[in-house]
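The structure appears below as structure tokens.
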Amino acid sequence: MCSHILLTGASGFLGSAVLERIKDKNPILIGRNNNLKETNFFFKELTNDELYDDCLNGVEIIIHCAARAHIMNDKYSDPLAEYRKVNVYGTENLARQAAAAGIKRFVFISSVKVSGESTTVKRPYSESMKPVPEDAYGQSKYEAEEVLKQVSADTGMDVVIIRPPLVYGAGVKANFRSLLKLSSLSIPLPFGAVHNKRSMVYVENLVDFIIRCIDHPNAANQTFLISDGEDLSLKSLITYIRKAMGRSAWLLPVPVSMFKLVGKLRGKSGVVDRLVGDLQVDSSKARELLDWTPPYTVEQGIAATVLDFNNRKD
């Protein structure tokens, strides 16, 4: 008998964490790489012409984690076109086939980049604010959200949109892993005067919220910004990481103005702003409408992330 949950992107960072929570439900999985060796796995592309009828039978809920992820220094001359192929057209194709098959709810993992890139000198992003995506990835996710809302209006299928900020946890890669590597060095770091505020979400907290959205009646056709609820400065983040590594913070108070000057001179102002600027989200809607509280604290999440990092050492 088929499972009532279909999960896309099951071998990815977030998808594999979701899978651990729903394994007992014998979910159906679709993706491009079955490195998890799961039996109910279908090799599928996320395109505008892929057929999904063979894996939708008996499904009631779709958790859509698969996407063309954010890529720094994209090699394509038209990155937006490449993102649209997967994130917009592929998502719409899956959603319309899902609706035709009688799927009740489509849970879509979007991104805070739909809201924008920075809240420096601004108030935290909320669901009521107009989206202002600033790069091709964020634009593609915004367009995917709009397409899903139209599919819902056309078919009556519930759509739930979740926009997480930076997600961290066991197996995290990209910038957060680079920060872990940097923090593991026995040298002082120049972040002692960086008192910015950035929202993040521990992957297990995000998974817990996704599970809450599977069947909660108040989640239907809603958009949620989600976070741990404790916004961190770069100084605080490094302090948490090094504490989990069993060492002192060892931070030097280099002025933020120095980072910005170096960033401007090297043409890396955007990179510097992501490092020392603010990006906060207001996750009160998720907490109040769905009566949700993150099961893990930031300190617990970072400790688990560091433990995994130490165990891997790759």
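All residue names refer to the structure tokens as shown: chains lettered A, B, ... in order, residues numbered from 1 in each chain, ligands numbered from 1 in order.
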
**Prompt:** Contacts of Asn310 in chain A at 10 Å or less, counting only C-alpha atoms, minus same-chain residues fewer than 6 places along, as a PyMOL selection string?
**Reply:** chain A and resi 180-181+184+245+304

**Request:** Find the spatial neighbours of Glu117 in chain A, counting only C-alpha atoms, within a cut-off of 12 Å - ignore same-chain residues fewer than 6 positions away - and output them as a list in words.
**Result:** Ser111, Pro124, Tyr125, Pro131, Val132, Pro133, Glu134, Asp135, Ala136, Tyr137, Gly138, Gln139, Pro165, Leu166, Arg198, Ser199, Gly270, Val271, Asp273, Arg274, Leu275, Gly277, Asp278, Leu279, Gln280 and Val281 of chain A

Output N, CA and C atoms for every residue in that selection, as a PDB file, in the first residue's frame.
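Here's the written file again-v9.pdb:
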```pdb
ATOM      1  N   SER A 111      12.161  30.264   0.353  1.00  0.00           N
ATOM      2  CA  SER A 111      13.384  30.850   0.919  1.00  0.00           C
ATOM      3  C   SER A 111      13.109  32.260   1.398  1.00  0.00           C
ATOM      4  N   PRO A 124      12.224  43.641  10.807  1.00  0.00           N
ATOM      5  CA  PRO A 124      12.292  42.250  10.361  1.00  0.00           C
ATOM      6  C   PRO A 124      11.224  41.929   9.314  1.00  0.00           C
ATOM      7  N   TYR A 125      11.568  41.027   8.412  1.00  0.00           N
ATOM      8  CA  TYR A 125      10.613  40.604   7.390  1.00  0.00           C
ATOM      9  C   TYR A 125       9.439  39.889   8.037  1.00  0.00           C
ATOM     10  N   PRO A 131       7.102  41.070  -1.113  1.00  0.00           N
ATOM     11  CA  PRO A 131       8.367  40.411  -1.447  1.00  0.00           C
ATOM     12  C   PRO A 131       9.224  41.288  -2.361  1.00  0.00           C
ATOM     13  N   VAL A 132      10.523  41.314  -2.072  1.00  0.00           N
ATOM     14  CA  VAL A 132      11.462  42.070  -2.911  1.00  0.00           C
ATOM     15  C   VAL A 132      12.702  41.207  -3.155  1.00  0.00           C
ATOM     16  N   PRO A 133      12.557  40.125  -3.941  1.00  0.00           N
ATOM     17  CA  PRO A 133      13.731  39.293  -4.227  1.00  0.00           C
ATOM     18  C   PRO A 133      14.768  40.076  -5.017  1.00  0.00           C
ATOM     19  N   GLU A 134      16.031  39.882  -4.690  1.00  0.00           N
ATOM     20  CA  GLU A 134      17.088  40.678  -5.301  1.00  0.00           C
ATOM     21  C   GLU A 134      18.036  39.880  -6.187  1.00  0.00           C
ATOM     22  N   ASP A 135      17.899  38.555  -6.205  1.00  0.00           N
ATOM     23  CA  ASP A 135      18.752  37.777  -7.098  1.00  0.00           C
ATOM     24  C   ASP A 135      17.907  36.742  -7.835  1.00  0.00           C
ATOM     25  N   ALA A 136      18.534  36.048  -8.773  1.00  0.00           N
ATOM     26  CA  ALA A 136      17.810  35.118  -9.638  1.00  0.00           C
ATOM     27  C   ALA A 136      17.173  33.982  -8.846  1.00  0.00           C
ATOM     28  N   TYR A 137      17.886  33.466  -7.853  1.00  0.00           N
ATOM     29  CA  TYR A 137      17.336  32.384  -7.037  1.00  0.00           C
ATOM     30  C   TYR A 137      16.088  32.851  -6.291  1.00  0.00           C
ATOM     31  N   GLY A 138      16.195  33.993  -5.613  1.00  0.00           N
ATOM     32  CA  GLY A 138      15.049  34.519  -4.882  1.00  0.00           C
ATOM     33  C   GLY A 138      13.873  34.802  -5.802  1.00  0.00           C
ATOM     34  N   GLN A 139      14.151  35.338  -6.988  1.00  0.00           N
ATOM     35  CA  GLN A 139      13.089  35.620  -7.951  1.00  0.00           C
ATOM     36  C   GLN A 139      12.395  34.333  -8.383  1.00  0.00           C
ATOM     37  N   PRO A 165      15.161  31.144   6.723  1.00  0.00           N
ATOM     38  CA  PRO A 165      16.435  31.841   6.508  1.00  0.00           C
ATOM     39  C   PRO A 165      17.541  30.803   6.441  1.00  0.00           C
ATOM     40  N   LEU A 166      18.771  31.167   6.791  1.00  0.00           N
ATOM     41  CA  LEU A 166      19.877  30.214   6.774  1.00  0.00           C
ATOM     42  C   LEU A 166      19.540  29.007   7.643  1.00  0.00           C
ATOM     43  N   ARG A 198      21.017  38.334  12.875  1.00  0.00           N
ATOM     44  CA  ARG A 198      20.594  37.482  11.763  1.00  0.00           C
ATOM     45  C   ARG A 198      19.765  36.310  12.285  1.00  0.00           C
ATOM     46  N   SER A 199      18.640  36.091  11.628  1.00  0.00           N
ATOM     47  CA  SER A 199      17.796  34.950  11.968  1.00  0.00           C
ATOM     48  C   SER A 199      18.327  33.701  11.276  1.00  0.00           C
ATOM     49  N   GLY A 270      28.630  42.915  -1.201  1.00  0.00           N
ATOM     50  CA  GLY A 270      27.508  42.028  -0.918  1.00  0.00           C
ATOM     51  C   GLY A 270      27.890  40.918   0.041  1.00  0.00           C
ATOM     52  N   VAL A 271      29.065  40.363  -0.144  1.00  0.00           N
ATOM     53  CA  VAL A 271      29.556  39.301   0.740  1.00  0.00           C
ATOM     54  C   VAL A 271      29.723  39.827   2.162  1.00  0.00           C
ATOM     55  N   ASP A 273      28.192  42.387   3.529  1.00  0.00           N
ATOM     56  CA  ASP A 273      26.898  42.689   4.146  1.00  0.00           C
ATOM     57  C   ASP A 273      26.248  41.429   4.698  1.00  0.00           C
ATOM     58  N   ARG A 274      26.397  40.304   3.985  1.00  0.00           N
ATOM     59  CA  ARG A 274      25.844  39.050   4.495  1.00  0.00           C
ATOM     60  C   ARG A 274      26.563  38.616   5.764  1.00  0.00           C
ATOM     61  N   LEU A 275      27.807  39.051   5.903  1.00  0.00           N
ATOM     62  CA  LEU A 275      28.598  38.676   7.069  1.00  0.00           C
ATOM     63  C   LEU A 275      28.304  39.556   8.278  1.00  0.00           C
ATOM     64  N   GLY A 277      25.911  42.371   8.181  1.00  0.00           N
ATOM     65  CA  GLY A 277      24.626  43.066   8.139  1.00  0.00           C
ATOM     66  C   GLY A 277      23.532  42.297   8.856  1.00  0.00           C
ATOM     67  N   ASP A 278      22.330  42.849   8.840  1.00  0.00           N
ATOM     68  CA  ASP A 278      21.177  42.233   9.499  1.00  0.00           C
ATOM     69  C   ASP A 278      20.290  41.518   8.485  1.00  0.00           C
ATOM     70  N   LEU A 279      19.713  40.405   8.917  1.00  0.00           N
ATOM     71  CA  LEU A 279      18.647  39.747   8.160  1.00  0.00           C
ATOM     72  C   LEU A 279      17.778  39.018   9.174  1.00  0.00           C
ATOM     73  N   GLN A 280      16.709  39.697   9.575  1.00  0.00           N
ATOM     74  CA  GLN A 280      15.834  39.167  10.613  1.00  0.00           C
ATOM     75  C   GLN A 280      14.450  38.866  10.047  1.00  0.00           C
ATOM     76  N   VAL A 281      13.835  37.822  10.588  1.00  0.00           N
ATOM     77  CA  VAL A 281      12.461  37.501  10.227  1.00  0.00           C
ATOM     78  C   VAL A 281      11.607  37.470  11.488  1.00  0.00           C
TER      79      VAL A 281
END
```

Using 10 Å as the limit and counting only C-alpha atoms, can you tabulate each residue of range 89-178 of chain A that touches range 17-32 of chain A, with its shortest atom-to-atom distance in Å and the two atoms involved, as a tab-separated table?
```
residue	atom	partner	partner_atom	distance
A:Gly169	CA	A:Ala17	CA	9.4
A:Ala170	CA	A:Ala17	CA	9.0
A:Gly171	CA	A:Ala17	CA	9.8
```

**Asked** What's the 9 Å shell around range 89-105 of chain A, counting only C-alpha atoms, without same-chain residues fewer than 3 positions away, as a ChimeraX atom specification?
**Response** /A:45-53,56-64,66-67,84-86,144,147-148,151-152,155-160,214-215,220-221

**Request:** Give me every strand (DSSP E or B) residue in range 97-314 of chain A, going by DSSP on the backbone, as a ChimeraX atom specification.
**Result:** /A:105-109,125,158-163,166-168,189,198,200-202,223-225,232,251,279,281

**Prompt:** Which polymer residues have any atom within 12 Å of an atom of Leu182 in chain A, counting only C-alpha atoms, with same-chain residues fewer than 5 positions away left out, as a PyMOL selection string?
**Reply:** chain A and resi 175-177+187-191+238+241-242+245

Please report, as a PDB file with C-alpha atoms, in the first residue's frame, each residue of range 56-113 of chain A to which DSSP assigns helix (DSSP H, G or I) when run on this structure's backbone.
```pdb
ATOM      1  CA  LEU A  56       1.393   9.859  -6.983  1.00  0.00           C
ATOM      2  CA  PRO A  79      20.953  32.289 -14.261  1.00  0.00           C
ATOM      3  CA  LEU A  80      17.274  33.196 -13.856  1.00  0.00           C
ATOM      4  CA  ALA A  81      16.336  31.078 -16.877  1.00  0.00           C
ATOM      5  CA  GLU A  82      18.148  28.092 -15.352  1.00  0.00           C
ATOM      6  CA  TYR A  83      16.494  28.564 -11.968  1.00  0.00           C
ATOM      7  CA  ARG A  84      13.074  28.896 -13.605  1.00  0.00           C
ATOM      8  CA  LYS A  85      13.411  25.566 -15.424  1.00  0.00           C
ATOM      9  CA  VAL A  86      13.531  23.717 -12.117  1.00  0.00           C
ATOM     10  CA  ASN A  87      12.116  25.968  -9.414  1.00  0.00           C
ATOM     11  CA  VAL A  88       9.186  27.432 -11.350  1.00  0.00           C
ATOM     12  CA  TYR A  89       8.258  25.236 -14.323  1.00  0.00           C
ATOM     13  CA  GLY A  90       9.222  21.979 -12.630  1.00  0.00           C
ATOM     14  CA  THR A  91       7.339  22.898  -9.473  1.00  0.00           C
ATOM     15  CA  GLU A  92       4.231  23.922 -11.421  1.00  0.00           C
ATOM     16  CA  ASN A  93       4.291  20.677 -13.410  1.00  0.00           C
ATOM     17  CA  LEU A  94       4.513  18.597 -10.231  1.00  0.00           C
ATOM     18  CA  ALA A  95       1.817  20.642  -8.497  1.00  0.00           C
ATOM     19  CA  ARG A  96      -0.682  20.422 -11.356  1.00  0.00           C
ATOM     20  CA  GLN A  97      -0.203  16.677 -11.673  1.00  0.00           C
ATOM     21  CA  ALA A  98      -0.543  16.392  -7.898  1.00  0.00           C
ATOM     22  CA  ALA A  99      -3.803  18.335  -7.908  1.00  0.00           C
ATOM     23  CA  ALA A 100      -5.148  16.207 -10.751  1.00  0.00           C
ATOM     24  CA  VAL A 112      13.742  34.063   2.895  1.00  0.00           C
ATOM     25  CA  LYS A 113      15.361  35.408  -0.277  1.00  0.00           C
TER      26      LYS A 113
END
```

**Item:** Counting only C-alpha atoms, the residue of A:Glu146, A:Asp282, A:Glu288, A:Glu38 that sits nearest Met200 in chain A
**Value:** A:Asp282
